[in-house]
Amino acid sequence: MGPVERRKDDGTRVDLAGDVTGGGAPAAARDEPPSTGSATAEPAPLNAAEDRLLDLLRRIGTVGALLMAAGSLGAGAAPVYNPLPSVPVLGLFARIPTAAMACAFTGMFLVILAWLYLGRLVRPGRPRLVSRSQMDRTLVMWTVPLFAVPPMFSRDVYSYLAQSDIAAKGLDPYLLGPAQALGVDHPLTRGVPNIWRDTPAPYGPLFLSIGRALTQVTGDHVVSGVLLQRVVELVGLAMVVWALPRLARRFGVQPVSALWLGAANPLVLFHVVVGAHNDTLAIGLMLTGLELALRRLPAVLPGEPVPPRQPGEITGVVLGAVGISAGAMVKIPAVLALGFLVVIVARRWGGRAADLGRAILLVGAVSLAMIVLICVGSRLGFGWLTTLGTPGKIRSWLSPATGVGFLGATLALLFDLGNHTDRLITLSRVVGTAAGGLISLRLLWQTFRGRMVPMIGLGAGLGAMLVLGPVVQPWYLLWAVIVLATAAGTSRFRTWAAGVSAVVAVLVPPTGTAFDGRAYVLPQAYLAAALVVLTVLFALRGRLPSVGTVLRELRVSAPRT
C-alpha cells in the first residue's frame, strides 16, 4: 500500500506514514519548498492593525479574568470555613450571590470571546501570525488574575487536600475516605462534597505523594492548601506549554496555533487554573515524556532503509517512558501514551513484528520499573488499582454511556417492565468502556501500519476512552484537545474543537453546587451576563471584526481532508 497522505491548509501534502515515526522533519518539509503558514516556514509578524487588535483582545480577556476573580468571591466553590464574608468590601460578594454569579459569567463570556477572536490571528495558512512571545504574554495576562481566587466549577480540590492529609497521617487513602480517616468535623473533610466523604482516593500515588508533601507545609489550612495545589497544576501547565509547541513543530503544526488551542483554551483557564484539577499535571508529564522520546528518533519514510541507531536514542526512549509513567501515576488515562510510544519506536526500528516485540519489552520494562518505584517509594502501595472506579459513583447525562443506561431505564418504566436503572447503567457503562478500548486498539494498529499520525491516534484514543467511559466531566475534554492540538492542524478540526470547547466551558456553573433549589439563579445570571457582553460588542463594533467575517474566514480556510 502506498503512503497515506493528507493535505494541509496551505495545500502541501504531508505523508502521514513518514513524518510520524521519529523526530525528523516531515516529508513535505524535506521534499517540497515550505509554503506560507506551514510549520517549517517562519511566518511574518503581525502588521500594525493586527497588533492593535491583539492588544484589544488581550485587554478583553484580562478584564474577563478580573471579572471572574471578582465573581468567585461570591459565586465560587468557597470552603465551608470561608474567611471572606468578614472582610470589608470583599465580603459583599458573598451576600449578593446572583450578582456575583452574573459577574463570573460575564467574565467567562469575555474570556471565551477574546480567545475565539485570537484564533483568527493564529489560523494556519495566514501570511502573518502572532509570535511565540506574544502568545506567551497573552497567556500570562489571562492567567495571573485567576491564581489567588477561590476555586470555581468544582470542589474536587478539597478532596485533594483531605486525601493528601490522610496520607500525611500515615493512613491509607486507598482504603479510607475523609470522613473515616479525619472525622466529619475536620476542616478538610467539611469542604469535601458529601458524595466523596466516604470514598477512597482514585488518584495515583505520585499525586498523593506531592499532596502529602504540601500538607507538611499547610497543615489543616484550607486557603493555603488550595493555593499550593494550584501551583502544582500550574507546573503541569508549564510542562504543557514547554512540550506542546515542540511536538507541534515536529508534526507539521504551527506552534502558536497549538498553544492557542491547547494551552490558552478556556477549559484550561477555567478548570485547570481556577478549578485546580490535576489533569494538567498528568497531561504535562505525558507530553513531556513524548517529546523527550521523540527528539532523538529520526524520521523513517516508507520504503527507505532504517538508519543506524543514533547516539542517545535509547536514553530518550527511556526518559520518555519514565515521564509518561509518572503521568499515569497521577491519572491513569496517560498510560495509553505508552502504547503509542511503543508503536513509534517499533516503526523506527523497522516496523516488523519482531521490532514491535522489542519495543514492548523496552518500554514495558522501564514503565513497570517506574510504576513499582513510585508505588513502593511513596509507601502508598498498589491500592490505587482497586479505586479506579470511584468516579463512577456520579451518574450524569454528560456521559453518553450513562445516558444510554438512563434512557433504557426510562423506557422500561414507561412500558411497565420494572425499574432496572442500576443494571442498565452498569451494562451500558461496560459496553462503553469496552468500545473505547477497542477503538484505542484499532488506532494503535492503524498507527503501527503507518496509516495514522501517532498524536492524532493518541488524542482520538483518549477522547474515545474518556467520552465512552462511565463519567464525563468538561475538563476531561482537555486530554483529547491538547494532544490533538499537536498534530491536527487543519482549520476544520480547529473550528470544531474551538466550538465544542467554548460551549462546554459554560456548561458547568462556577459554584459547583445545585443552588439549593434556587433554579432562578442560573437563568438570571446567564441573561445578565449576555446583556453585558452584547453591550460590550456593540461598543466595540468598529474595532472588532464582525462575527460574519470570522465565520466566512473559517469556512474558507477549512478544506476537505
# chains A, B, ... in the order shown; residues from 1 in each chain; ligands from 1
>>> closest_atom_pairs(of="segment 441-530 of chain A", to="segment 348-362 of chain A", cutoff="12 Å", atoms="only C-alpha atoms", output="CSV")
residue,atom,partner,partner_atom,distance
A:Leu444,CA,A:Leu356,CA,11.7
A:Trp445,CA,A:Leu356,CA,11.1
A:Thr447,CA,A:Gly351,CA,10.5
A:Phe448,CA,A:Gly351,CA,7.1
A:Arg449,CA,A:Gly351,CA,7.7
A:Gly450,CA,A:Gly351,CA,8.8
>>> write_last_selection(atoms="N, CA, C and O atoms", output="compact mmCIF listing (two decimals), in the first residue's frame")
# COMPACT_ATOMS: atom_id res chain seq x y z
N LEU A 444 -4.19 2.16 17.60
CA LEU A 444 -2.81 1.71 17.77
C LEU A 444 -2.35 0.91 16.55
O LEU A 444 -1.22 1.08 16.05
N TRP A 445 -3.21 0.02 16.07
CA TRP A 445 -2.87 -0.80 14.91
C TRP A 445 -2.70 0.07 13.66
O TRP A 445 -1.76 -0.12 12.88
N THR A 447 -1.82 3.14 13.56
CA THR A 447 -0.57 3.87 13.69
C THR A 447 0.62 2.98 13.41
O THR A 447 1.58 3.39 12.75
N PHE A 448 0.58 1.75 13.89
CA PHE A 448 1.69 0.82 13.64
C PHE A 448 1.84 0.53 12.15
O PHE A 448 2.95 0.36 11.65
N ARG A 449 0.74 0.48 11.43
CA ARG A 449 0.79 0.23 9.99
C ARG A 449 1.15 1.49 9.20
O ARG A 449 1.23 1.45 7.97
N GLY A 450 1.36 2.61 9.88
CA GLY A 450 1.75 3.84 9.20
C GLY A 450 0.60 4.58 8.56
O GLY A 450 0.81 5.42 7.68
>>> residues_around(residues="segment 159-167 of chain A", least_positions_apart="5", cutoff="8 Å", atoms="only C-alpha atoms", output="list in words")
Asp172, Pro173, Gly177, Pro178, Ala181, Leu182, Leu188, Thr189, Gly191, Val192, Pro193, Trp196, Pro200, Ala201, Leu208, Ser209, Gly211, Arg212, Thr215, Gly219, Val222, Gly225, Val226 and Leu380 of chain A
>>> write_last_selection(atoms="N, CA, C and O atoms", output="short mmCIF file (atom, residue, chain, number, x, y, z; two decimals), in the first residue's frame")
data_model
loop_
_atom_site.label_atom_id
_atom_site.label_comp_id
_atom_site.auth_asym_id
_atom_site.auth_seq_id
_atom_site.Cartn_x
_atom_site.Cartn_y
_atom_site.Cartn_z
N ASP A 172 -4.05 4.93 54.99
CA ASP A 172 -4.13 4.51 53.59
C ASP A 172 -5.28 5.23 52.90
O ASP A 172 -6.46 4.91 53.15
N PRO A 173 -5.00 6.20 52.01
CA PRO A 173 -6.09 6.90 51.32
C PRO A 173 -6.82 6.04 50.31
O PRO A 173 -7.86 6.46 49.79
N GLY A 177 -11.93 6.87 53.41
CA GLY A 177 -12.38 8.17 52.92
C GLY A 177 -12.10 9.24 53.95
O GLY A 177 -11.75 8.95 55.10
N PRO A 178 -12.28 10.52 53.60
CA PRO A 178 -12.01 11.60 54.55
C PRO A 178 -12.81 11.52 55.84
O PRO A 178 -12.28 11.80 56.92
N ALA A 181 -11.23 8.67 58.01
CA ALA A 181 -9.84 8.87 58.43
C ALA A 181 -9.65 10.14 59.24
O ALA A 181 -8.87 10.15 60.20
N LEU A 182 -10.36 11.21 58.88
CA LEU A 182 -10.15 12.50 59.53
C LEU A 182 -11.28 12.89 60.46
O LEU A 182 -11.08 13.72 61.35
N LEU A 188 -10.74 19.91 56.76
CA LEU A 188 -10.57 19.47 55.37
C LEU A 188 -11.73 18.59 54.91
O LEU A 188 -12.11 18.62 53.74
N THR A 189 -12.30 17.80 55.82
CA THR A 189 -13.45 16.97 55.45
C THR A 189 -14.66 17.83 55.14
O THR A 189 -15.45 17.50 54.24
N GLY A 191 -14.99 20.50 53.61
CA GLY A 191 -15.03 21.04 52.26
C GLY A 191 -15.30 20.01 51.19
O GLY A 191 -15.59 20.36 50.04
N VAL A 192 -15.20 18.72 51.52
CA VAL A 192 -15.38 17.65 50.54
C VAL A 192 -16.87 17.44 50.29
O VAL A 192 -17.65 17.36 51.24
N PRO A 193 -17.31 17.36 49.03
CA PRO A 193 -18.72 17.07 48.76
C PRO A 193 -19.16 15.78 49.45
O PRO A 193 -18.37 14.85 49.61
N TRP A 196 -18.30 12.25 48.19
CA TRP A 196 -16.91 11.77 48.21
C TRP A 196 -16.35 11.62 49.63
O TRP A 196 -15.19 11.24 49.78
N PRO A 200 -12.58 6.29 48.91
CA PRO A 200 -11.11 6.39 48.87
C PRO A 200 -10.65 7.18 47.65
O PRO A 200 -11.43 7.48 46.74
N ALA A 201 -9.38 7.49 47.62
CA ALA A 201 -8.81 8.31 46.55
C ALA A 201 -8.68 7.52 45.26
O ALA A 201 -8.19 6.39 45.27
N LEU A 208 -0.63 11.85 45.16
CA LEU A 208 -0.86 11.91 46.61
C LEU A 208 0.44 12.14 47.36
O LEU A 208 0.43 12.75 48.44
N SER A 209 1.55 11.69 46.82
CA SER A 209 2.84 11.97 47.46
C SER A 209 3.15 13.46 47.41
O SER A 209 3.65 14.03 48.38
N GLY A 211 0.87 15.83 47.20
CA GLY A 211 -0.06 16.43 48.14
C GLY A 211 0.36 16.23 49.58
O GLY A 211 0.19 17.12 50.42
N ARG A 212 0.90 15.07 49.89
CA ARG A 212 1.37 14.79 51.26
C ARG A 212 2.49 15.76 51.64
O ARG A 212 2.53 16.26 52.76
N THR A 215 1.02 19.11 52.37
CA THR A 215 0.32 19.13 53.66
C THR A 215 1.28 19.38 54.81
O THR A 215 0.90 19.96 55.84
N GLY A 219 -0.63 22.16 56.61
CA GLY A 219 -1.43 21.58 57.68
C GLY A 219 -2.90 21.52 57.32
O GLY A 219 -3.26 21.08 56.23
N VAL A 222 -7.01 25.55 54.85
CA VAL A 222 -7.63 25.26 53.56
C VAL A 222 -7.16 26.23 52.47
O VAL A 222 -6.82 25.81 51.35
N GLY A 225 -3.66 25.62 51.37
CA GLY A 225 -3.64 24.32 50.70
C GLY A 225 -4.13 24.43 49.27
O GLY A 225 -3.55 23.85 48.35
N VAL A 226 -5.22 25.17 49.06
CA VAL A 226 -5.76 25.36 47.71
C VAL A 226 -4.74 26.08 46.82
O VAL A 226 -4.52 25.71 45.66
N LEU A 380 2.73 4.10 49.47
CA LEU A 380 1.28 4.04 49.29
C LEU A 380 0.84 2.75 48.61
O LEU A 380 -0.36 2.45 48.56
#
>>> closest_residue(among="A:His186, A:Arg442, A:His277, A:Arg59", to="Asp156 of chain A", atoms="only C-alpha atoms")
A:His277
>>> closest_residue(among="A:His420, A:Asn82, A:Pro509, A:Val536", to="Val521 of chain A", atoms="only C-alpha atoms")
A:Pro509
>>> residues_around(residues="segment 149-155 of chain A", least_positions_apart="5", cutoff="10 Å", atoms="only C-alpha atoms", output="JSON, numbers by chain")
{"A": [68, 69, 70, 71, 72, 73, 74, 75, 76, 77, 78, 79, 82, 84, 104, 160, 191, 192, 193, 223, 226, 227, 230, 270, 271, 273, 274, 275, 276, 277, 474, 505, 506, 507, 508, 509, 510, 511, 512, 513]}
>>> select_by_dssp(residues="segment 292-540 of chain A", states="helix (DSSP H, G or I)", output="number ranges by chain")
A: 292-294, 313-328, 332-348, 353-377, 383-386, 390-393, 400-414, 421-448, 454-467, 474-484, 491-505, 515-517, 521-539
>>> atom_distance(atom1="atom CA of Gly289 of chain A", atom2="atom CA of Arg494 of chain A")
24.7 Å
>>> residues_around(residues="Val500 of chain A", least_positions_apart="5", cutoff="12 Å", atoms="only C-alpha atoms", output="list in words")
Ile112, Leu116, Leu261, Asn265, Pro266, Leu267, Pro474, Trp475, Leu477, Leu478, Ala480, Val481, Phe493, Arg494, Thr495, Ala505, Val506 and Leu507 of chain A
>>> atom_distance(atom1="atom CA of Leu90 of chain A", atom2="atom CA of Ser224 of chain A")
18.1 Å
>>> atom_distance(atom1="atom CA of Leu537 of chain A", atom2="atom CA of Ser131 of chain A")
26.1 Å
>>> closest_residue(among="A:Arg120, A:Gln524, A:Gly383, A:Pro245", to="Thr106 of chain A", atoms="only C-alpha atoms")
A:Gln524
>>> residues_around(residues="Tyr203 of chain A", least_positions_apart="4", cutoff="9 Å", atoms="only C-alpha atoms", output="list in words")
Tyr174, Phe207, Leu208, Met329, Val330, Lys331, Ile332, Trp384, Thr387 and Leu388 of chain A
>>> write_last_selection(atoms="N, CA and C atoms", output="tab-separated table (two decimals), in the first residue's frame")
chain	number	residue	atom	x	y	z
A	174	TYR	N	-6.28	4.84	50.03
A	174	TYR	CA	-6.96	3.92	49.11
A	174	TYR	C	-7.90	2.96	49.83
A	207	PHE	N	0.69	11.65	42.68
A	207	PHE	CA	-0.07	12.84	43.01
A	207	PHE	C	-0.28	12.96	44.51
A	208	LEU	N	-0.63	11.85	45.16
A	208	LEU	CA	-0.86	11.91	46.61
A	208	LEU	C	0.44	12.14	47.36
A	329	MET	N	0.82	7.83	36.95
A	329	MET	CA	0.74	7.73	38.40
A	329	MET	C	0.12	8.97	39.03
A	330	VAL	N	-0.32	9.89	38.20
A	330	VAL	CA	-1.17	10.99	38.64
A	330	VAL	C	-2.62	10.66	38.27
A	331	LYS	N	-2.86	10.41	36.96
A	331	LYS	CA	-4.17	9.94	36.49
A	331	LYS	C	-3.92	8.89	35.43
A	332	ILE	N	-4.64	7.80	35.52
A	332	ILE	CA	-4.35	6.60	34.74
A	332	ILE	C	-4.53	6.75	33.23
A	384	TRP	N	-4.22	1.91	44.55
A	384	TRP	CA	-4.91	2.71	43.53
A	384	TRP	C	-5.57	1.83	42.47
A	387	THR	N	-9.26	1.39	43.24
A	387	THR	CA	-10.12	2.56	43.40
A	387	THR	C	-10.33	3.34	42.10
A	388	LEU	N	-9.90	2.78	40.98
A	388	LEU	CA	-10.02	3.49	39.71
A	388	LEU	C	-11.48	3.74	39.33
>>> closest_residue(among="A:Ala65, A:Val157, A:Ala148, A:Val130", to="Arg52 of chain A", atoms="only C-alpha atoms")
A:Val130
>>> closest_residue(among="A:Leu110, A:Val235, A:Ala243, A:Leu427", to="Leu534 of chain A", atoms="only C-alpha atoms")
A:Leu110
>>> residues_around(residues="Thr288 of chain A", least_positions_apart="2", cutoff="8 Å", atoms="only C-alpha atoms", output="PDB file with C-alpha atoms, in the first residue's frame")
ATOM      1  CA  MET A 239       5.132  21.457  31.087  1.00  0.00           C
ATOM      2  CA  VAL A 240       2.296  21.569  28.550  1.00  0.00           C
ATOM      3  CA  TRP A 242       7.038  23.611  27.015  1.00  0.00           C
ATOM      4  CA  ALA A 243       6.185  20.387  25.191  1.00  0.00           C
ATOM      5  CA  GLY A 284       2.068  17.756  31.123  1.00  0.00           C
ATOM      6  CA  LEU A 285       4.127  14.750  32.240  1.00  0.00           C
ATOM      7  CA  MET A 286       2.743  12.694  29.362  1.00  0.00           C
ATOM      8  CA  LEU A 290       6.662  12.034  24.434  1.00  0.00           C
ATOM      9  CA  GLU A 291       8.819  14.997  23.450  1.00  0.00           C
ATOM     10  CA  LEU A 292      11.873  13.590  25.269  1.00  0.00           C
ATOM     11  CA  GLY A 320      10.016   9.263  27.598  1.00  0.00           C
ATOM     12  CA  GLY A 323       7.758  10.718  32.020  1.00  0.00           C
ATOM     13  CA  ILE A 324       4.631   9.036  30.673  1.00  0.00           C
TER      14      ILE A 324
END
>>> decode(residues="segment 49-61 of chain A", atoms="all heavy atoms", output="short mmCIF file (atom, residue, chain, number, x, y, z; two decimals), in the first residue's frame")
data_model
loop_
_atom_site.label_atom_id
_atom_site.label_comp_id
_atom_site.auth_asym_id
_atom_site.auth_seq_id
_atom_site.Cartn_x
_atom_site.Cartn_y
_atom_site.Cartn_z
N ALA A 49 -2.28 47.10 12.27
CA ALA A 49 -3.70 46.93 12.59
C ALA A 49 -3.93 45.65 13.39
O ALA A 49 -4.73 45.63 14.34
CB ALA A 49 -4.51 46.90 11.29
N GLU A 50 -3.23 44.60 13.04
CA GLU A 50 -3.37 43.33 13.76
C GLU A 50 -2.78 43.43 15.17
O GLU A 50 -3.29 42.82 16.10
CB GLU A 50 -2.72 42.21 12.97
CG GLU A 50 -3.47 41.88 11.69
CD GLU A 50 -2.66 41.02 10.73
OE1 GLU A 50 -1.41 41.03 10.82
OE2 GLU A 50 -3.28 40.35 9.88
N ASP A 51 -1.71 44.19 15.32
CA ASP A 51 -1.15 44.41 16.66
C ASP A 51 -2.16 45.13 17.55
O ASP A 51 -2.30 44.81 18.74
CB ASP A 51 0.13 45.23 16.57
CG ASP A 51 1.35 44.35 16.32
OD1 ASP A 51 1.35 43.19 16.76
OD2 ASP A 51 2.30 44.83 15.67
N ARG A 52 -2.85 46.11 16.98
CA ARG A 52 -3.88 46.81 17.76
C ARG A 52 -5.01 45.87 18.14
O ARG A 52 -5.53 45.93 19.27
CB ARG A 52 -4.41 48.01 16.97
CG ARG A 52 -3.42 49.17 16.85
CD ARG A 52 -4.11 50.43 16.35
NE ARG A 52 -4.62 50.24 14.99
CZ ARG A 52 -3.93 50.49 13.89
NH1 ARG A 52 -2.67 50.92 13.99
NH2 ARG A 52 -4.46 50.32 12.69
N LEU A 53 -5.41 44.99 17.21
CA LEU A 53 -6.46 44.02 17.52
C LEU A 53 -6.00 43.06 18.62
O LEU A 53 -6.76 42.75 19.54
CB LEU A 53 -6.82 43.24 16.25
CG LEU A 53 -7.84 42.10 16.44
CD1 LEU A 53 -9.16 42.64 16.98
CD2 LEU A 53 -8.06 41.36 15.13
N LEU A 54 -4.75 42.60 18.54
CA LEU A 54 -4.23 41.71 19.57
C LEU A 54 -4.23 42.39 20.93
O LEU A 54 -4.61 41.78 21.94
CB LEU A 54 -2.82 41.26 19.20
CG LEU A 54 -2.08 40.42 20.26
CD1 LEU A 54 -2.82 39.12 20.53
CD2 LEU A 54 -0.64 40.14 19.81
N ASP A 55 -3.83 43.66 20.96
CA ASP A 55 -3.82 44.40 22.22
C ASP A 55 -5.23 44.50 22.79
O ASP A 55 -5.44 44.35 24.01
CB ASP A 55 -3.23 45.78 21.99
CG ASP A 55 -3.13 46.58 23.27
OD1 ASP A 55 -2.37 46.18 24.18
OD2 ASP A 55 -3.81 47.62 23.38
N LEU A 56 -6.20 44.75 21.93
CA LEU A 56 -7.59 44.84 22.39
C LEU A 56 -8.07 43.50 22.93
O LEU A 56 -8.74 43.43 23.97
CB LEU A 56 -8.47 45.31 21.23
CG LEU A 56 -9.99 45.37 21.51
CD1 LEU A 56 -10.28 46.34 22.63
CD2 LEU A 56 -10.74 45.75 20.24
N LEU A 57 -7.76 42.42 22.22
CA LEU A 57 -8.19 41.09 22.68
C LEU A 57 -7.54 40.73 24.01
O LEU A 57 -8.19 40.11 24.87
CB LEU A 57 -7.83 40.05 21.61
CG LEU A 57 -8.54 40.21 20.26
CD1 LEU A 57 -8.05 39.14 19.28
CD2 LEU A 57 -10.05 40.11 20.44
N ARG A 58 -6.27 41.10 24.18
CA ARG A 58 -5.63 40.85 25.47
C ARG A 58 -6.38 41.56 26.59
O ARG A 58 -6.60 41.00 27.67
CB ARG A 58 -4.19 41.35 25.44
CG ARG A 58 -3.21 40.44 24.72
CD ARG A 58 -1.88 41.13 24.67
NE ARG A 58 -0.81 40.26 24.18
CZ ARG A 58 0.40 40.69 23.87
NH1 ARG A 58 0.69 41.98 24.00
NH2 ARG A 58 1.31 39.85 23.43
N ARG A 59 -6.76 42.82 26.33
CA ARG A 59 -7.45 43.59 27.36
C ARG A 59 -8.83 43.00 27.66
O ARG A 59 -9.25 42.94 28.82
CB ARG A 59 -7.58 45.06 26.92
CG ARG A 59 -6.24 45.77 26.82
CD ARG A 59 -6.40 47.14 26.16
NE ARG A 59 -5.11 47.76 25.93
CZ ARG A 59 -4.48 48.55 26.80
NH1 ARG A 59 -5.05 48.80 27.96
NH2 ARG A 59 -3.32 49.07 26.51
N ILE A 60 -9.53 42.58 26.62
CA ILE A 60 -10.85 41.97 26.84
C ILE A 60 -10.71 40.70 27.69
O ILE A 60 -11.46 40.49 28.66
CB ILE A 60 -11.51 41.65 25.49
CG1 ILE A 60 -11.86 42.93 24.74
CG2 ILE A 60 -12.78 40.81 25.71
CD1 ILE A 60 -12.38 42.69 23.34
N GLY A 61 -9.74 39.85 27.34
CA GLY A 61 -9.54 38.64 28.10
C GLY A 61 -9.11 38.91 29.53
O GLY A 61 -9.56 38.23 30.47
#
